[in-house]
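Data block for protein_19.pdb (PDB, C-alpha atoms):
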```
ATOM      1  CA  MET A 123       7.496 -59.546   0.041
ATOM      2  CA  ASN A 124       6.298 -58.853   3.586
ATOM      3  CA  ARG A 125       9.778 -57.598   4.495
ATOM      4  CA  MET A 126       9.743 -55.208   1.540
ATOM      5  CA  LEU A 127       6.331 -53.894   2.521
ATOM      6  CA  ARG A 128       7.473 -53.323   6.111
ATOM      7  CA  THR A 129      10.570 -51.456   4.882
ATOM      8  CA  LEU A 130       8.447 -49.253   2.602
ATOM      9  CA  ALA A 131       6.003 -48.490   5.407
ATOM     10  CA  VAL A 132       8.837 -47.478   7.766
ATOM     11  CA  ALA A 133      10.327 -45.217   5.079
ATOM     12  CA  LEU A 134       6.986 -43.519   4.490
ATOM     13  CA  VAL A 135       6.434 -42.940   8.200
ATOM     14  CA  MET A 136       9.928 -41.527   8.651
ATOM     15  CA  GLY A 137       9.491 -39.247   5.651
ATOM     16  CA  SER A 138       6.171 -37.965   6.950
ATOM     17  CA  THR A 139       7.680 -37.340  10.390
ATOM     18  CA  ALA A 140      10.551 -35.352   8.865
ATOM     19  CA  ALA A 141       8.131 -33.266   6.799
ATOM     20  CA  LEU A 142       6.010 -32.543   9.847
ATOM     21  CA  ALA A 143       9.099 -31.490  11.783
ATOM     22  CA  GLN A 144       9.800 -28.855   9.107
ATOM     23  CA  THR A 145       6.226 -27.549   9.059
ATOM     24  CA  PRO A 146       5.505 -24.679  11.484
ATOM     25  CA  ALA A 147       2.948 -25.477  14.153
ATOM     26  CA  PRO A 148      -0.432 -23.771  13.726
ATOM     27  CA  GLY A 149      -0.284 -20.157  14.851
ATOM     28  CA  THR A 150       3.489 -19.847  14.470
ATOM     29  CA  LEU A 151       5.572 -18.218  11.753
ATOM     30  CA  PRO A 152       8.253 -19.975   9.673
ATOM     31  CA  PRO A 153      11.882 -19.487  10.727
ATOM     32  CA  GLY A 154      13.208 -16.073   9.734
ATOM     33  CA  VAL A 155       9.757 -14.484   9.446
ATOM     34  CA  PHE A 156       8.812 -11.900  12.082
ATOM     35  CA  ALA A 157       5.439 -10.293  12.753
ATOM     36  CA  GLY A 158       5.171  -6.523  12.852
ATOM     37  CA  GLU A 159       4.624  -4.654  16.106
ATOM     38  CA  ARG A 160       3.205  -1.215  16.841
ATOM     39  CA  ASP A 161       6.632   0.158  17.731
ATOM     40  CA  ILE A 162       8.061   2.641  15.254
ATOM     41  CA  ALA A 163      11.576   2.148  16.644
ATOM     42  CA  LEU A 164      11.579  -1.353  15.116
ATOM     43  CA  ALA A 165      11.694   0.185  11.636
ATOM     44  CA  THR A 166      15.424   0.776  11.456
ATOM     45  CA  ALA A 167      16.914   3.702   9.551
ATOM     46  CA  GLY A 168      17.520   3.344   5.833
ATOM     47  CA  THR A 169      15.921   3.551   2.408
ATOM     48  CA  TYR A 170      12.755   1.528   1.924
ATOM     49  CA  THR A 171      10.925   0.445  -1.227
ATOM     50  CA  LEU A 172       7.144   0.182  -1.444
ATOM     51  CA  ASP A 173       5.962  -3.429  -1.639
ATOM     52  CA  GLU A 174       3.439  -3.372  -4.480
ATOM     53  CA  GLN A 175       2.132  -6.833  -3.594
ATOM     54  CA  HIS A 176       1.087  -5.559  -0.158
ATOM     55  CA  THR A 177      -0.340  -2.211  -1.226
ATOM     56  CA  ALA A 178      -3.930  -1.090  -1.704
ATOM     57  CA  VAL A 179      -4.750   2.361  -3.075
ATOM     58  CA  ILE A 180      -8.462   3.021  -2.631
ATOM     59  CA  VAL A 181     -10.487   6.095  -3.570
ATOM     60  CA  ARG A 182     -13.988   6.803  -2.294
ATOM     61  CA  VAL A 183     -16.106   8.959  -4.598
ATOM     62  CA  SER A 184     -19.656  10.167  -4.085
ATOM     63  CA  HIS A 185     -22.012   8.437  -6.523
ATOM     64  CA  ILE A 186     -24.091  11.524  -7.324
ATOM     65  CA  GLY A 187     -25.177  11.756  -3.713
ATOM     66  CA  TYR A 188     -26.521   8.213  -3.302
ATOM     67  CA  SER A 189     -23.543   6.317  -1.905
ATOM     68  CA  GLN A 190     -19.776   6.100  -1.960
ATOM     69  CA  SER A 191     -18.319   4.374  -5.004
ATOM     70  CA  VAL A 192     -15.055   2.606  -4.198
ATOM     71  CA  PHE A 193     -12.290   2.304  -6.795
ATOM     72  CA  ARG A 194      -8.909   0.608  -6.488
ATOM     73  CA  PHE A 195      -5.607   1.316  -8.255
ATOM     74  CA  ASP A 196      -3.552  -1.851  -8.640
ATOM     75  CA  ARG A 197      -0.095  -0.610  -9.653
ATOM     76  CA  ALA A 198       1.994   1.633  -7.417
ATOM     77  CA  LYS A 199       5.637   2.264  -6.576
ATOM     78  CA  GLY A 200       7.483   4.385  -4.080
ATOM     79  CA  SER A 201      10.584   5.084  -2.035
ATOM     80  CA  LEU A 202      10.896   6.087   1.617
ATOM     81  CA  THR A 203      13.977   7.480   3.342
ATOM     82  CA  TRP A 204      13.441   6.781   7.015
ATOM     83  CA  ASP A 205      15.032   7.297  10.419
ATOM     84  CA  PRO A 206      12.930   6.653  13.559
ATOM     85  CA  ALA A 207      15.280   8.891  15.536
ATOM     86  CA  ALA A 208      14.623  11.833  13.191
ATOM     87  CA  ILE A 209      11.213  11.236  11.656
ATOM     88  CA  GLU A 210      10.869  14.872  10.622
ATOM     89  CA  LYS A 211      13.761  14.389   8.187
ATOM     90  CA  SER A 212      12.087  11.497   6.371
ATOM     91  CA  LYS A 213      11.285  11.706   2.668
ATOM     92  CA  LEU A 214       8.682   9.913   0.556
ATOM     93  CA  SER A 215       7.953   9.780  -3.137
ATOM     94  CA  ALA A 216       5.254   7.568  -4.619
ATOM     95  CA  SER A 217       3.302   7.119  -7.828
ATOM     96  CA  VAL A 218       0.240   5.249  -9.032
ATOM     97  CA  GLU A 219      -0.558   4.207 -12.599
ATOM     98  CA  THR A 220      -3.914   5.834 -13.320
ATOM     99  CA  ALA A 221      -4.788   3.223 -15.959
ATOM    100  CA  SER A 222      -4.661   0.524 -13.275
ATOM    101  CA  ILE A 223      -8.009   1.645 -11.841
ATOM    102  CA  ALA A 224     -10.455  -1.172 -11.091
ATOM    103  CA  THR A 225     -14.182  -1.247 -10.327
ATOM    104  CA  ASN A 226     -16.889  -3.882 -10.129
ATOM    105  CA  VAL A 227     -19.014  -1.947 -12.665
ATOM    106  CA  LYS A 228     -18.435  -3.766 -15.952
ATOM    107  CA  GLY A 229     -16.527  -1.665 -18.488
ATOM    108  CA  PHE A 230     -16.422   1.418 -16.254
ATOM    109  CA  ALA A 231     -12.705   1.153 -15.398
ATOM    110  CA  GLU A 232     -11.783   1.672 -19.041
ATOM    111  CA  GLU A 233     -14.077   4.697 -19.223
ATOM    112  CA  LEU A 234     -12.589   6.184 -16.051
ATOM    113  CA  ALA A 235      -9.068   5.761 -17.446
ATOM    114  CA  GLY A 236     -10.119   7.437 -20.698
ATOM    115  CA  ASP A 237     -10.217  11.023 -21.918
ATOM    116  CA  ASN A 238     -13.456  11.933 -20.142
ATOM    117  CA  PHE A 239     -11.993  11.349 -16.699
ATOM    118  CA  LEU A 240      -8.365  10.479 -15.783
ATOM    119  CA  LYS A 241      -6.839  10.879 -19.264
ATOM    120  CA  SER A 242      -4.379   8.074 -18.522
ATOM    121  CA  LYS A 243      -2.705   8.122 -21.926
ATOM    122  CA  ALA A 244      -1.694  11.761 -21.535
ATOM    123  CA  PHE A 245      -1.130  11.542 -17.764
ATOM    124  CA  PRO A 246      -0.147   7.940 -16.946
ATOM    125  CA  GLU A 247       0.771   8.582 -13.306
ATOM    126  CA  ALA A 248      -0.501  10.359 -10.233
ATOM    127  CA  THR A 249       2.375  11.273  -7.912
ATOM    128  CA  PHE A 250       2.996  12.386  -4.354
ATOM    129  CA  VAL A 251       6.249  13.927  -3.105
ATOM    130  CA  SER A 252       6.539  14.722   0.584
ATOM    131  CA  THR A 253       7.582  18.115   1.902
ATOM    132  CA  SER A 254       7.382  17.370   5.648
ATOM    133  CA  PHE A 255       6.792  14.625   8.208
ATOM    134  CA  LYS A 256       5.100  15.716  11.436
ATOM    135  CA  PRO A 257       4.793  13.130  14.226
ATOM    136  CA  VAL A 258       1.621  13.388  16.344
ATOM    137  CA  ASP A 259       2.364  10.601  18.818
ATOM    138  CA  LYS A 260       4.172   7.248  18.877
ATOM    139  CA  THR A 261       2.009   5.665  16.170
ATOM    140  CA  ARG A 262       0.463   8.580  14.243
ATOM    141  CA  GLY A 263       1.629  11.502  12.168
ATOM    142  CA  LYS A 264       0.953  13.794   9.231
ATOM    143  CA  VAL A 265       2.829  13.719   5.940
ATOM    144  CA  GLU A 266       2.486  16.883   3.891
ATOM    145  CA  GLY A 267       3.422  17.023   0.252
ATOM    146  CA  GLN A 268       2.621  17.862  -3.352
ATOM    147  CA  PHE A 269       0.054  15.688  -5.120
ATOM    148  CA  THR A 270      -0.041  15.757  -8.917
ATOM    149  CA  LEU A 271      -2.951  14.464 -10.986
ATOM    150  CA  MET A 272      -3.561  15.136 -14.683
ATOM    151  CA  GLY A 273      -0.759  17.677 -14.763
ATOM    152  CA  LYS A 274      -2.067  19.747 -11.873
ATOM    153  CA  THR A 275      -0.221  19.918  -8.550
ATOM    154  CA  ARG A 276      -1.736  20.887  -5.207
ATOM    155  CA  PRO A 277      -0.672  20.504  -1.550
ATOM    156  CA  VAL A 278      -2.147  17.453   0.203
ATOM    157  CA  THR A 279      -1.778  16.149   3.755
ATOM    158  CA  PHE A 280      -2.022  12.464   4.623
ATOM    159  CA  ASP A 281      -2.997  11.384   8.132
ATOM    160  CA  VAL A 282      -0.751   8.368   8.709
ATOM    161  CA  GLU A 283      -1.022   5.607  11.284
ATOM    162  CA  LEU A 284       1.518   2.874  11.922
ATOM    163  CA  GLY A 285       0.282  -0.603  11.079
ATOM    164  CA  GLY A 286       3.373  -2.441  12.233
ATOM    165  CA  ALA A 287       7.152  -2.464  12.091
ATOM    166  CA  GLY A 288       9.699  -5.197  12.595
ATOM    167  CA  LYS A 289      12.357  -7.493  11.213
ATOM    168  CA  GLY A 290      10.144  -8.605   8.330
ATOM    169  CA  PHE A 291      11.592 -11.571   6.505
ATOM    170  CA  GLU A 292      14.619 -12.495   4.405
ATOM    171  CA  GLY A 293      16.637 -10.191   6.660
ATOM    172  CA  LYS A 294      14.815  -7.077   5.420
ATOM    173  CA  PRO A 295      12.978  -4.930   8.002
ATOM    174  CA  ARG A 296       9.464  -3.804   7.104
ATOM    175  CA  LEU A 297       7.206  -0.885   7.905
ATOM    176  CA  GLY A 298       3.439  -0.881   7.306
ATOM    177  CA  VAL A 299       1.134   2.148   7.392
ATOM    178  CA  HIS A 300      -2.461   3.241   6.874
ATOM    179  CA  ALA A 301      -2.798   6.710   5.300
ATOM    180  CA  VAL A 302      -5.821   8.848   4.444
ATOM    181  CA  ALA A 303      -6.132  12.159   2.579
ATOM    182  CA  THR A 304      -8.900  14.152   0.906
ATOM    183  CA  ILE A 305      -8.698  16.087  -2.355
ATOM    184  CA  ASN A 306     -10.977  18.544  -4.132
ATOM    185  CA  PRO A 307     -11.714  16.993  -7.559
ATOM    186  CA  GLN A 308     -12.132  20.407  -9.186
ATOM    187  CA  ASP A 309      -8.528  21.273  -8.282
ATOM    188  CA  TYR A 310      -7.368  18.614 -10.740
ATOM    189  CA  GLY A 311      -9.761  19.197 -13.613
ATOM    190  CA  LEU A 312     -12.112  16.283 -12.965
ATOM    191  CA  PRO A 313     -15.624  16.656 -14.432
ATOM    192  CA  SER A 314     -18.066  18.951 -12.627
ATOM    193  CA  LEU A 315     -20.291  16.007 -11.681
ATOM    194  CA  PHE A 316     -17.690  15.298  -8.957
ATOM    195  CA  THR A 317     -18.906  17.859  -6.449
ATOM    196  CA  ASP A 318     -17.889  16.244  -3.140
ATOM    197  CA  PRO A 319     -14.339  15.759  -1.817
ATOM    198  CA  ILE A 320     -12.656  12.497  -2.812
ATOM    199  CA  GLN A 321     -11.016  10.396  -0.126
ATOM    200  CA  ILE A 322      -7.752   8.578  -0.877
ATOM    201  CA  GLN A 323      -6.961   5.650   1.409
ATOM    202  CA  ILE A 324      -3.659   3.776   1.268
ATOM    203  CA  ASP A 325      -2.624   0.621   3.084
ATOM    204  CA  THR A 326       0.918  -0.352   2.282
ATOM    205  CA  GLU A 327       4.163  -1.921   3.418
ATOM    206  CA  PHE A 328       7.714  -0.754   2.793
ATOM    207  CA  GLU A 329      10.719  -3.082   2.788
ATOM    208  CA  ARG A 330      14.175  -1.797   3.641
ATOM    209  CA  ASN A 331      16.769  -2.020   0.896
ATOM    210  CA  PRO A 332      19.907  -4.089   1.608
TER     211      PRO A 332
END
```

Could you rewrite the structure in this file as structure tokens?
Amino acid sequence: MNRMLRTLAVALVMGSTAALAQTPAPGTLPPGVFAGERDIALATAGTYTLDEQHTAVIVRVSHIGYSQSVFRFDRAKGSLTWDPAAIEKSKLSASVETASIATNVKGFAEELAGDNFLKSKAFPEATFVSTSFKPVDKTRGKVEGQFTLMGKTRPVTFDVELGGAGKGFEGKPRLGVHAVATINPQDYGLPSLFTDPIQIQIDTEFERNP
């Protein structure tokens, strides 16, 4: 019996040691996973797809002059054609499902998605299609394009800043950005109670296609 117990104890210790050997040390990344760096050249040329799981689309709207109400859209998709050696030739198209709006005011998201505001059933998506990429420096630029909301299209410019670029993981390079633009709500037929400009803020990652 004692011999069996000793054998079991040795097996458990060896198993635990093997498991620990496969676990990354604190502060390190697992094998094949690479952190992003603020170097745009690390985002290699190719076609990238927006990573919806690492995307936040936030809008900041004046709450009748008292504060800024913050709303989030939870479903987005997009495609980026990218070449760090010719950034000005890049192309971006993206869309957000307007019915995916979220707010911490109970029941208000459904009202915002309804016919009094975003009219999501008639206009299920807001879209942006780039017309030009204009680098400002090594980590910042402006992306101009056409923004469509509720069937109305107007020119919009996003100020874009590199979050990080690198090898990503699973052998697929990644590119992360922070982008901010402002729209006039009256240009898109939103109710007249929206008198102040609305800020759109996007934090997202793109993963290069194989």

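Residues matched by the PyMOL selection byres ((chain A and resi 298) around 10) in this file: Gly158, Glu159, Arg160, Ile162, Ala165, Leu172, Asp173, His176, Thr177, Glu283, Leu284, Gly285, Gly286, Ala287, Gly288, Arg296, Leu297, Val299, His300, Asp325, Thr326, Glu327, Phe328 and Glu329 of chain A.
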
Point (-8.9, 4.5, -10.8), cut-off 12 Å, counting only C-alpha atoms, residues as number ranges by chain: A: 178-183, 191-198, 218-226, 230-236, 239-242, 246-248, 271, 320, 322

Atom CA of Gly154 of chain A to atom CA of Ala207 of chain A, straight-line distance in Å: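 If I compute the distance from atom CA of Ala207 of chain A to atom CA of Gly154 of chain A, I get 25.7 Å.
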
Residues returned when the PyMOL selection byres ((chain A and resi 253-269) around 8) runs on this file, as a ChimeraX atom specification: /A:160-162,209-213,248-252,270-271,275-284

C-alpha atoms of the current selection, written as a PDB file, in the frame of the given file:
```pdb
ATOM      1  CA  ARG A 160       3.205  -1.215  16.841  1.00  0.00           C
ATOM      2  CA  ASP A 161       6.632   0.158  17.731  1.00  0.00           C
ATOM      3  CA  ILE A 162       8.061   2.641  15.254  1.00  0.00           C
ATOM      4  CA  ILE A 209      11.213  11.236  11.656  1.00  0.00           C
ATOM      5  CA  GLU A 210      10.869  14.872  10.622  1.00  0.00           C
ATOM      6  CA  LYS A 211      13.761  14.389   8.187  1.00  0.00           C
ATOM      7  CA  SER A 212      12.087  11.497   6.371  1.00  0.00           C
ATOM      8  CA  LYS A 213      11.285  11.706   2.668  1.00  0.00           C
ATOM      9  CA  ALA A 248      -0.501  10.359 -10.233  1.00  0.00           C
ATOM     10  CA  THR A 249       2.375  11.273  -7.912  1.00  0.00           C
ATOM     11  CA  PHE A 250       2.996  12.386  -4.354  1.00  0.00           C
ATOM     12  CA  VAL A 251       6.249  13.927  -3.105  1.00  0.00           C
ATOM     13  CA  SER A 252       6.539  14.722   0.584  1.00  0.00           C
ATOM     14  CA  THR A 270      -0.041  15.757  -8.917  1.00  0.00           C
ATOM     15  CA  LEU A 271      -2.951  14.464 -10.986  1.00  0.00           C
ATOM     16  CA  THR A 275      -0.221  19.918  -8.550  1.00  0.00           C
ATOM     17  CA  ARG A 276      -1.736  20.887  -5.207  1.00  0.00           C
ATOM     18  CA  PRO A 277      -0.672  20.504  -1.550  1.00  0.00           C
ATOM     19  CA  VAL A 278      -2.147  17.453   0.203  1.00  0.00           C
ATOM     20  CA  THR A 279      -1.778  16.149   3.755  1.00  0.00           C
ATOM     21  CA  PHE A 280      -2.022  12.464   4.623  1.00  0.00           C
ATOM     22  CA  ASP A 281      -2.997  11.384   8.132  1.00  0.00           C
ATOM     23  CA  VAL A 282      -0.751   8.368   8.709  1.00  0.00           C
ATOM     24  CA  GLU A 283      -1.022   5.607  11.284  1.00  0.00           C
ATOM     25  CA  LEU A 284       1.518   2.874  11.922  1.00  0.00           C
TER      26      LEU A 284
END
```

Interatomic distance, atom CA of Ser215 of chain A to atom CA of Glu292 of chain A (Å, one decimal): 24.4 Å

Expected selection from the PyMOL selection byres ((chain A and resi 316) around 9), given as an MDAnalysis selection string: chainID A and resid 183:186 306:308 312:315 317:320

Draw an axis-aligned box over all listed atoms of segment 254-259 of chain A, pad each side with 6 Å, and write its centre and edge lengths in Å, one decimal, as lines of an AutoDock Vina configuration file.
```
center_x = 4.5
center_y = 14.0
center_z = 12.2
size_x = 17.8
size_y = 18.8
size_z = 25.2
```

Pairwise distance for atom CA of Ile324 of chain A and atom CA of Ala301 of chain A, rounded to one decimal in Å: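 About the pair atom CA of Ile324 of chain A and atom CA of Ala301 of chain A: they are 5.1 Å apart.
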
Counting all atoms listed in the file, the option among A:Leu214, A:Ala208, A:Leu151, A:Val227 closest to Thr166 of chain A: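 Selected residue with least distance to Thr166 of chain A: A:Ala208.
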
Selected residue of minimal separation from Phe291 of chain A among A:Gly229, A:Lys199, A:Ser217, A:Arg330, counting all atoms listed in the file: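 For Phe291 of chain A, the nearest of the given residues is A:Arg330.
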